[in-house]
Amino acid sequence: MPLGLHHSHFELFGLPVAFEIDLNHLDRAYRHLQAEVHPDRFASASDSDRRLSMQWATHANEAYQTLKKPLERAKYMLHLAGHDIQAETNTAMPADFLMEQMEWREAVVEARNGGDHHELEHLHNRLRGDINGRYVELGELLDDAGDFHGATDRVRRLMFLEKLLHEIDDALASLEE
């Protein structure tokens, strides 16, 4: 089997601990690891080896899903650095950010209730652009500045924005039905 189950997700796939990673390398390393540890390869092995294979396959899947998604990757990096984002316990956000969220949500509700597919697509594209810019900023905080406190704040904001983006996508899907 590859590295121990206690190694970081980055080590597992031979990647540096960084927000900006080579996603093609991640995909190739994941496929290679899955080929090595897939439970089908251990069908005739001992119970112990089959269990270990299942643990490895599960660990590889979880690690891959974490590193593949920028928000999850940032959360994981903060965890590795000992910074808790306190997503469940710290809901305090700056008033201007919360006001912006209310305005976005009102626009989504209005467009959804009005059946305005075009406006929902416009909101989706605007928000996606904003989110992408925030990920660039987050990458700079994590990779260049090592500013984990600032990165924690950005991650918490991005959690709100990603949730809003999913709400817009759900509204679009409901209009297409």
# chains A, B, ... in the order shown; residues from 1 in each chain; ligands from 1

call {"tool": "select_by_dssp", "arguments": {"residues": "region 66-116 of chain A", "states": "alpha helix (DSSP H)", "output": "NGL selection string"}}
result
:A and (66-68 or 70-80 or 95-113)

call {"tool": "residues_around", "arguments": {"residues": "region 45-58 of chain A", "least_positions_apart": "2", "cutoff": "9 Å", "atoms": "only C-alpha atoms", "output": "list in words"}}
result
Met1, Pro2, Leu5, Leu33, Gln34, Glu36, Val37, His38, Pro39, Asp40, Arg41, Phe42, Ala43, Ala60, Asn61, Glu62 and Ala63 of chain A

call {"tool": "write_last_selection", "arguments": {"atoms": "N, CA, C and O atoms", "output": "short mmCIF file (atom, residue, chain, number, x, y, z; two decimals), in the first residue's frame"}}
result
data_model
loop_
_atom_site.label_atom_id
_atom_site.label_comp_id
_atom_site.auth_asym_id
_atom_site.auth_seq_id
_atom_site.Cartn_x
_atom_site.Cartn_y
_atom_site.Cartn_z
N MET A 1 0.85 -1.18 0.00
CA MET A 1 0.00 0.00 0.00
C MET A 1 0.90 1.25 0.00
O MET A 1 2.03 1.20 0.46
N PRO A 2 0.34 2.38 -0.45
CA PRO A 2 1.10 3.63 -0.50
C PRO A 2 1.43 4.16 0.89
O PRO A 2 1.43 3.42 1.86
N LEU A 5 -1.99 5.97 6.20
CA LEU A 5 -3.26 6.69 6.21
C LEU A 5 -3.18 8.00 6.98
O LEU A 5 -4.06 8.84 6.87
N LEU A 33 -3.49 5.97 -7.79
CA LEU A 33 -3.70 5.43 -6.44
C LEU A 33 -4.92 4.52 -6.40
O LEU A 33 -4.87 3.44 -5.81
N GLN A 34 -6.00 4.94 -7.04
CA GLN A 34 -7.20 4.10 -7.06
C GLN A 34 -6.92 2.76 -7.73
O GLN A 34 -7.42 1.72 -7.30
N GLU A 36 -4.19 1.17 -7.64
CA GLU A 36 -3.41 0.36 -6.69
C GLU A 36 -4.24 -0.21 -5.56
O GLU A 36 -4.01 -1.32 -5.11
N VAL A 37 -5.19 0.56 -5.07
CA VAL A 37 -5.89 0.17 -3.84
C VAL A 37 -7.33 -0.24 -4.05
O VAL A 37 -8.02 -0.58 -3.09
N HIS A 38 -7.81 -0.24 -5.27
CA HIS A 38 -9.22 -0.55 -5.51
C HIS A 38 -9.56 -1.93 -4.95
O HIS A 38 -8.82 -2.90 -5.15
N PRO A 39 -10.68 -2.01 -4.23
CA PRO A 39 -11.06 -3.29 -3.60
C PRO A 39 -11.16 -4.47 -4.57
O PRO A 39 -10.92 -5.61 -4.18
N ASP A 40 -11.46 -4.23 -5.83
CA ASP A 40 -11.54 -5.33 -6.80
C ASP A 40 -10.20 -6.05 -6.94
O ASP A 40 -10.17 -7.25 -7.22
N ARG A 41 -9.11 -5.33 -6.75
CA ARG A 41 -7.78 -5.95 -6.85
C ARG A 41 -7.52 -6.90 -5.68
O ARG A 41 -6.61 -7.71 -5.73
N PHE A 42 -8.30 -6.76 -4.63
CA PHE A 42 -8.07 -7.54 -3.41
C PHE A 42 -9.21 -8.52 -3.13
O PHE A 42 -9.39 -8.98 -2.01
N ALA A 43 -9.99 -8.82 -4.16
CA ALA A 43 -11.16 -9.70 -4.00
C ALA A 43 -10.79 -11.06 -3.43
O ALA A 43 -11.54 -11.63 -2.62
N ALA A 60 -8.60 7.70 -0.18
CA ALA A 60 -8.21 8.33 -1.44
C ALA A 60 -9.36 9.15 -2.02
O ALA A 60 -9.15 10.27 -2.50
N ASN A 61 -10.58 8.62 -1.97
CA ASN A 61 -11.75 9.35 -2.47
C ASN A 61 -11.98 10.64 -1.69
O ASN A 61 -12.21 11.71 -2.28
N GLU A 62 -11.92 10.54 -0.37
CA GLU A 62 -12.12 11.72 0.47
C GLU A 62 -11.04 12.77 0.22
O GLU A 62 -11.33 13.96 0.11
N ALA A 63 -9.80 12.31 0.14
CA ALA A 63 -8.69 13.24 -0.09
C ALA A 63 -8.83 13.91 -1.45
O ALA A 63 -8.63 15.13 -1.58
#

call {"tool": "closest_residue", "arguments": {"among": "A:Ala29, A:Val136, A:Ala111, A:Leu67", "to": "Leu158 (chain A)", "atoms": "only C-alpha atoms"}}
result
A:Val136

call {"tool": "residues_around", "arguments": {"residues": "Leu78 (chain A)", "least_positions_apart": "6", "cutoff": "10 Å", "atoms": "only C-alpha atoms", "output": "list in words"}}
result
Glu72, Asp84, Ile85, Leu142, Phe148, His149, Ala151, Thr152 and Val155 of chain A

call {"tool": "write_last_selection", "arguments": {"atoms": "N, CA and C atoms", "output": "mmCIF file, in the first residue's frame"}}
result
data_model
loop_
_atom_site.group_PDB
_atom_site.id
_atom_site.type_symbol
_atom_site.label_atom_id
_atom_site.label_comp_id
_atom_site.auth_asym_id
_atom_site.auth_seq_id
_atom_site.Cartn_x
_atom_site.Cartn_y
_atom_site.Cartn_z
ATOM 1 N N GLU A 72 -13.040 23.478 -0.217
ATOM 2 C CA GLU A 72 -12.668 22.379 0.678
ATOM 3 C C GLU A 72 -11.153 22.309 0.847
ATOM 4 N N ASP A 84 -9.030 26.982 12.990
ATOM 5 C CA ASP A 84 -10.419 26.526 12.942
ATOM 6 C C ASP A 84 -11.263 27.648 12.347
ATOM 7 N N ILE A 85 -12.025 27.349 11.295
ATOM 8 C CA ILE A 85 -12.850 28.400 10.688
ATOM 9 C C ILE A 85 -14.121 28.656 11.491
ATOM 10 N N LEU A 142 -3.121 32.479 1.225
ATOM 11 C CA LEU A 142 -2.594 31.194 1.691
ATOM 12 C C LEU A 142 -1.183 30.916 1.176
ATOM 13 N N PHE A 148 -3.118 33.214 7.522
ATOM 14 C CA PHE A 148 -4.173 32.248 7.824
ATOM 15 C C PHE A 148 -5.391 32.901 8.462
ATOM 16 N N HIS A 149 -5.179 33.964 9.218
ATOM 17 C CA HIS A 149 -6.304 34.673 9.823
ATOM 18 C C HIS A 149 -7.162 35.307 8.723
ATOM 19 N N ALA A 151 -7.199 34.435 5.583
ATOM 20 C CA ALA A 151 -7.746 33.350 4.773
ATOM 21 C C ALA A 151 -8.975 32.738 5.439
ATOM 22 N N THR A 152 -8.949 32.631 6.760
ATOM 23 C CA THR A 152 -10.096 32.087 7.487
ATOM 24 C C THR A 152 -11.325 32.953 7.246
ATOM 25 N N VAL A 155 -12.546 32.352 3.681
ATOM 26 C CA VAL A 155 -13.210 31.050 3.556
ATOM 27 C C VAL A 155 -14.634 31.137 4.087
#

call {"tool": "residues_around", "arguments": {"residues": "region 9-11 of chain A", "least_positions_apart": "5", "cutoff": "10 Å", "atoms": "only C-alpha atoms", "output": "list in words"}}
result
Leu3, Gly4, Pro16, Val17, Ala18, Ile21, Leu26, His59, Ala60, Glu62, Ala63, Tyr64, Gln65, Thr66, Leu67, Arg73, Tyr76 and Met77 of chain A

call {"tool": "closest_atom_pairs", "arguments": {"of": "region 83-143 of chain A", "to": "region 174-177 of chain A", "cutoff": "12 Å", "atoms": "only C-alpha atoms", "output": "tab-separated table"}}
result
residue	atom	partner	partner_atom	distance
A:Ala111	CA	A:Leu175	CA	10.2
A:Arg112	CA	A:Leu175	CA	7.6
A:Asn113	CA	A:Leu175	CA	9.6
A:Gly114	CA	A:Leu175	CA	10.0
A:Gly115	CA	A:Leu175	CA	6.5
A:Asp116	CA	A:Leu175	CA	8.4
A:His117	CA	A:Leu175	CA	6.9
A:His118	CA	A:Leu175	CA	10.7
A:Glu119	CA	A:Leu175	CA	11.8
A:Leu120	CA	A:Leu175	CA	9.8
A:Glu121	CA	A:Leu175	CA	11.3

call {"tool": "atom_distance", "arguments": {"atom1": "CA of Lys163 (chain A)", "atom2": "CA of Leu15 (chain A)"}}
result
28.3 Å
